Amino acid sequence: MSRRAGAILGALLLLIVGTTVAYANLVVRGIGFGTARTTAAVSLTVTADTGQAADLYPGAAGAIYFTIANPNPYPVTLTSAILGTPHNQNGAAACQASTNGTTNLTVTAAIAINVTVPAKAGTGIGNPAAVSASVPGAIQMTMQADPSCQSQVFLVPVTLSGASS
């Protein structure tokens, strides 16, 4: 074989080797992992918002108002409200939900709502504000309401249900 033929054959071998390397496939396998947090009941703080305009009078239905703080690291969507027996903010006041056998106030027991509270809402600087919410028409003052109920603030226990969103 001549030198020239040997050089060409060597160049072809290099070219073939280079081509083979270019089409080589690499497969890398391994294992990744993720850890789920321990689930627990959603923790929210619900506070009565007594700074709203009065909308109750005999025969009328009014809203209950509240704010919700969410210390959780995820948003929460609330879908229902269960309302308890209303009572006067001033426990010593003459007007309560019922006075001298007369029912002054009634509430709607269960109401569908749709309120989303962002993660960390109402928990301090740099976080979203607590969410203000209301349930319109949830509390009613009866036509027979005692006159002592005028200008009174009534509190309604609220149980909210929902899930992380």
# chains A, B, ... in the order shown; residues from 1 in each chain; ligands from 1
$ residues_around --residues "Leu160 in chain A" --least-positions-apart "2" --cutoff "9 Å" --atoms "only C-alpha atoms" --output "list in words"
Val46, Leu78, Thr79, Ser80, Ala81, Ile82, Leu83, Val158 and Gly162 of chain A
$ write_last_selection --atoms "C-alpha atoms" --output "tab-separated table (two decimals), in the first residue's frame"
chain	number	residue	atom	x	y	z
A	46	VAL	CA	-62.62	34.41	61.56
A	78	LEU	CA	-64.51	28.35	51.49
A	79	THR	CA	-67.74	26.90	50.09
A	80	SER	CA	-70.28	26.91	52.91
A	81	ALA	CA	-71.18	28.74	56.10
A	82	ILE	CA	-73.15	27.22	58.98
A	83	LEU	CA	-74.60	29.93	61.24
A	158	VAL	CA	-69.99	31.05	61.92
A	162	GLY	CA	-63.92	24.44	52.32
$ closest_atom_pairs --of "range 104-162 of chain A" --to "range 50-74 of chain A" --cutoff "8 Å" --atoms "only C-alpha atoms" --output "CSV"
residue,atom,partner,partner_atom,distance
A:Val117,CA,A:Asn70,CA,6.6
A:Pro118,CA,A:Tyr74,CA,6.9
A:Ala119,CA,A:Tyr74,CA,4.4
A:Lys120,CA,A:Pro71,CA,4.5
A:Ala121,CA,A:Asn70,CA,5.0
A:Gly122,CA,A:Ala69,CA,4.8
A:Thr123,CA,A:Pro71,CA,6.2
A:Ala129,CA,A:Ala69,CA,7.8
A:Ala130,CA,A:Ala69,CA,4.7
A:Val131,CA,A:Ile68,CA,5.2
A:Ser132,CA,A:Thr67,CA,4.3
A:Ala133,CA,A:Phe66,CA,5.5
A:Ser134,CA,A:Tyr65,CA,4.3
A:Val135,CA,A:Ala63,CA,5.3
A:Pro136,CA,A:Ala63,CA,4.0
A:Gly137,CA,A:Gly62,CA,4.7
A:Ala138,CA,A:Ala63,CA,5.5
A:Ile139,CA,A:Gly62,CA,5.3
A:Gln140,CA,A:Ala61,CA,4.1
A:Met141,CA,A:Pro58,CA,5.1
A:Thr142,CA,A:Gly59,CA,5.1
A:Met143,CA,A:Pro58,CA,4.5
A:Gln144,CA,A:Pro58,CA,7.0
A:Ala145,CA,A:Pro58,CA,6.1
A:Gln150,CA,A:Tyr57,CA,7.8
A:Ser151,CA,A:Ala54,CA,7.9
A:Val153,CA,A:Thr50,CA,7.2
A:Val156,CA,A:Ile64,CA,7.5
$ write_last_selection --atoms "C-alpha atoms" --output "PDB file, in the first residue's frame"
ATOM      1  CA  VAL A 117     -58.384  33.357  51.083  1.00  0.00           C
ATOM      2  CA  PRO A 118     -54.763  33.665  49.852  1.00  0.00           C
ATOM      3  CA  ALA A 119     -51.887  31.932  51.605  1.00  0.00           C
ATOM      4  CA  LYS A 120     -50.588  33.842  54.645  1.00  0.00           C
ATOM      5  CA  ALA A 121     -53.454  36.392  54.377  1.00  0.00           C
ATOM      6  CA  GLY A 122     -53.666  38.693  57.381  1.00  0.00           C
ATOM      7  CA  THR A 123     -50.494  37.421  59.014  1.00  0.00           C
ATOM      8  CA  ALA A 129     -54.445  41.432  53.870  1.00  0.00           C
ATOM      9  CA  ALA A 130     -57.096  39.378  55.637  1.00  0.00           C
ATOM     10  CA  VAL A 131     -60.127  38.841  53.410  1.00  0.00           C
ATOM     11  CA  SER A 132     -63.358  40.678  54.238  1.00  0.00           C
ATOM     12  CA  ALA A 133     -66.485  38.667  53.484  1.00  0.00           C
ATOM     13  CA  SER A 134     -70.200  38.856  54.078  1.00  0.00           C
ATOM     14  CA  VAL A 135     -73.198  36.579  53.896  1.00  0.00           C
ATOM     15  CA  PRO A 136     -76.071  38.753  52.615  1.00  0.00           C
ATOM     16  CA  GLY A 137     -79.548  38.053  53.977  1.00  0.00           C
ATOM     17  CA  ALA A 138     -78.213  35.676  56.629  1.00  0.00           C
ATOM     18  CA  ILE A 139     -79.795  37.333  59.674  1.00  0.00           C
ATOM     19  CA  GLN A 140     -83.393  38.522  59.954  1.00  0.00           C
ATOM     20  CA  MET A 141     -85.111  40.721  62.507  1.00  0.00           C
ATOM     21  CA  THR A 142     -88.689  39.657  63.107  1.00  0.00           C
ATOM     22  CA  MET A 143     -91.624  42.081  62.873  1.00  0.00           C
ATOM     23  CA  GLN A 144     -92.216  41.497  66.596  1.00  0.00           C
ATOM     24  CA  ALA A 145     -88.674  42.503  67.593  1.00  0.00           C
ATOM     25  CA  GLN A 150     -82.515  49.287  68.132  1.00  0.00           C
ATOM     26  CA  SER A 151     -78.838  50.199  67.579  1.00  0.00           C
ATOM     27  CA  VAL A 153     -74.754  44.826  67.471  1.00  0.00           C
ATOM     28  CA  VAL A 156     -73.439  35.223  64.923  1.00  0.00           C
TER      29      VAL A 156
END
$ atom_distance --atom1 "CA of Pro157 in chain A" --atom2 "CA of Cys95 in chain A"
17.4 Å
$ select_by_dssp --residues "range 43-124 of chain A" --states "strand (DSSP E)" --output "MDAnalysis selection string"
chainID A and resid 45:48 61:69 76:83 87:88 98:99 102:103 105:107 110:117
$ write_last_selection --atoms "N, CA and C atoms" --output "mmCIF file, in the first residue's frame"
data_model
loop_
_atom_site.group_PDB
_atom_site.id
_atom_site.type_symbol
_atom_site.label_atom_id
_atom_site.label_comp_id
_atom_site.auth_asym_id
_atom_site.auth_seq_id
_atom_site.Cartn_x
_atom_site.Cartn_y
_atom_site.Cartn_z
ATOM 1 N N THR A 45 -58.635 32.114 60.985
ATOM 2 C CA THR A 45 -59.151 32.952 62.051
ATOM 3 C C THR A 45 -60.276 33.791 61.469
ATOM 4 N N VAL A 46 -61.465 33.655 62.025
ATOM 5 C CA VAL A 46 -62.625 34.415 61.564
ATOM 6 C C VAL A 46 -62.978 35.409 62.655
ATOM 7 N N THR A 47 -63.062 36.675 62.282
ATOM 8 C CA THR A 47 -63.338 37.748 63.233
ATOM 9 C C THR A 47 -64.553 38.533 62.773
ATOM 10 N N ALA A 48 -65.451 38.839 63.714
ATOM 11 C CA ALA A 48 -66.623 39.643 63.373
ATOM 12 C C ALA A 48 -66.177 41.027 62.917
ATOM 13 N N ALA A 61 -84.013 41.562 56.421
ATOM 14 C CA ALA A 61 -82.882 40.630 56.495
ATOM 15 C C ALA A 61 -81.611 41.436 56.250
ATOM 16 N N GLY A 62 -80.569 41.106 56.977
ATOM 17 C CA GLY A 62 -79.299 41.807 56.816
ATOM 18 C C GLY A 62 -78.162 40.823 56.626
ATOM 19 N N ALA A 63 -77.008 41.375 56.383
ATOM 20 C CA ALA A 63 -75.804 40.555 56.160
ATOM 21 C C ALA A 63 -75.038 40.391 57.461
ATOM 22 N N ILE A 64 -74.303 39.294 57.545
ATOM 23 C CA ILE A 64 -73.300 39.190 58.597
ATOM 24 C C ILE A 64 -71.957 39.433 57.915
ATOM 25 N N TYR A 65 -71.070 40.104 58.602
ATOM 26 C CA TYR A 65 -69.778 40.514 58.047
ATOM 27 C C TYR A 65 -68.664 39.933 58.905
ATOM 28 N N PHE A 66 -67.587 39.509 58.242
ATOM 29 C CA PHE A 66 -66.450 38.967 58.974
ATOM 30 C C PHE A 66 -65.192 39.082 58.124
ATOM 31 N N THR A 67 -64.045 38.942 58.772
ATOM 32 C CA THR A 67 -62.762 38.899 58.066
ATOM 33 C C THR A 67 -62.113 37.549 58.362
ATOM 34 N N ILE A 68 -61.304 37.084 57.409
ATOM 35 C CA ILE A 68 -60.687 35.767 57.531
ATOM 36 C C ILE A 68 -59.186 35.899 57.310
ATOM 37 N N ALA A 69 -58.410 35.410 58.265
ATOM 38 C CA ALA A 69 -56.954 35.343 58.134
ATOM 39 C C ALA A 69 -56.586 33.884 57.869
ATOM 40 N N VAL A 76 -56.951 28.948 50.538
ATOM 41 C CA VAL A 76 -58.092 28.145 50.965
ATOM 42 C C VAL A 76 -59.345 28.719 50.316
ATOM 43 N N THR A 77 -60.197 27.846 49.765
ATOM 44 C CA THR A 77 -61.476 28.274 49.204
ATOM 45 C C THR A 77 -62.586 27.758 50.107
ATOM 46 N N LEU A 78 -63.408 28.678 50.589
ATOM 47 C CA LEU A 78 -64.514 28.351 51.487
ATOM 48 C C LEU A 78 -65.785 28.230 50.662
ATOM 49 N N THR A 79 -66.572 27.182 50.922
ATOM 50 C CA THR A 79 -67.737 26.902 50.088
ATOM 51 C C THR A 79 -69.059 26.899 50.843
ATOM 52 N N SER A 80 -69.022 26.863 52.165
ATOM 53 C CA SER A 80 -70.284 26.907 52.913
ATOM 54 C C SER A 80 -70.083 27.547 54.281
ATOM 55 N N ALA A 81 -71.172 28.130 54.766
ATOM 56 C CA ALA A 81 -71.181 28.743 56.098
ATOM 57 C C ALA A 81 -72.364 28.166 56.868
ATOM 58 N N ILE A 82 -72.107 27.690 58.067
ATOM 59 C CA ILE A 82 -73.146 27.224 58.979
ATOM 60 C C ILE A 82 -73.233 28.277 60.077
ATOM 61 N N LEU A 83 -74.415 28.831 60.290
ATOM 62 C CA LEU A 83 -74.595 29.926 61.244
ATOM 63 C C LEU A 83 -75.244 29.415 62.523
ATOM 64 N N HIS A 87 -76.395 36.387 69.143
ATOM 65 C CA HIS A 87 -76.502 36.965 70.485
ATOM 66 C C HIS A 87 -76.001 38.406 70.441
ATOM 67 N N ASN A 88 -76.458 39.182 71.387
ATOM 68 C CA ASN A 88 -76.076 40.585 71.444
ATOM 69 C C ASN A 88 -74.612 40.678 71.835
ATOM 70 N N SER A 98 -83.734 36.278 71.599
ATOM 71 C CA SER A 98 -85.094 36.072 72.082
ATOM 72 C C SER A 98 -85.244 36.876 73.369
ATOM 73 N N THR A 99 -86.284 37.695 73.476
ATOM 74 C CA THR A 99 -86.514 38.523 74.666
ATOM 75 C C THR A 99 -87.931 38.278 75.165
ATOM 76 N N THR A 102 -90.243 36.395 72.992
ATOM 77 C CA THR A 102 -90.406 36.874 71.617
ATOM 78 C C THR A 102 -89.100 36.648 70.862
ATOM 79 N N THR A 103 -89.213 36.023 69.712
ATOM 80 C CA THR A 103 -88.025 35.833 68.869
ATOM 81 C C THR A 103 -87.745 37.144 68.155
ATOM 82 N N LEU A 105 -84.558 37.699 66.506
ATOM 83 C CA LEU A 105 -83.654 37.456 65.379
ATOM 84 C C LEU A 105 -83.681 35.989 64.980
ATOM 85 N N THR A 106 -83.550 35.753 63.695
ATOM 86 C CA THR A 106 -83.366 34.396 63.183
ATOM 87 C C THR A 106 -82.221 34.433 62.172
ATOM 88 N N VAL A 107 -81.626 33.287 61.935
ATOM 89 C CA VAL A 107 -80.564 33.198 60.932
ATOM 90 C C VAL A 107 -80.869 32.051 59.982
ATOM 91 N N ALA A 110 -77.715 27.267 56.953
ATOM 92 C CA ALA A 110 -76.581 26.908 56.087
ATOM 93 C C ALA A 110 -76.675 27.694 54.782
ATOM 94 N N ILE A 111 -75.552 28.250 54.375
ATOM 95 C CA ILE A 111 -75.521 29.093 53.179
ATOM 96 C C ILE A 111 -74.296 28.722 52.341
ATOM 97 N N ALA A 112 -74.501 28.590 51.033
ATOM 98 C CA ALA A 112 -73.370 28.356 50.123
ATOM 99 C C ALA A 112 -72.636 29.679 49.920
ATOM 100 N N ILE A 113 -71.310 29.628 49.979
ATOM 101 C CA ILE A 113 -70.483 30.808 49.739
ATOM 102 C C ILE A 113 -69.362 30.416 48.784
ATOM 103 N N ASN A 114 -68.636 31.402 48.304
ATOM 104 C CA ASN A 114 -67.453 31.143 47.474
ATOM 105 C C ASN A 114 -66.437 32.234 47.786
ATOM 106 N N VAL A 115 -65.580 31.943 48.760
ATOM 107 C CA VAL A 115 -64.573 32.910 49.204
ATOM 108 C C VAL A 115 -63.208 32.232 49.176
ATOM 109 N N THR A 116 -62.258 32.828 48.451
ATOM 110 C CA THR A 116 -60.889 32.305 48.434
ATOM 111 C C THR A 116 -60.006 33.227 49.270
ATOM 112 N N VAL A 117 -59.279 32.620 50.188
ATOM 113 C CA VAL A 117 -58.384 33.357 51.083
ATOM 114 C C VAL A 117 -56.950 32.990 50.706
#
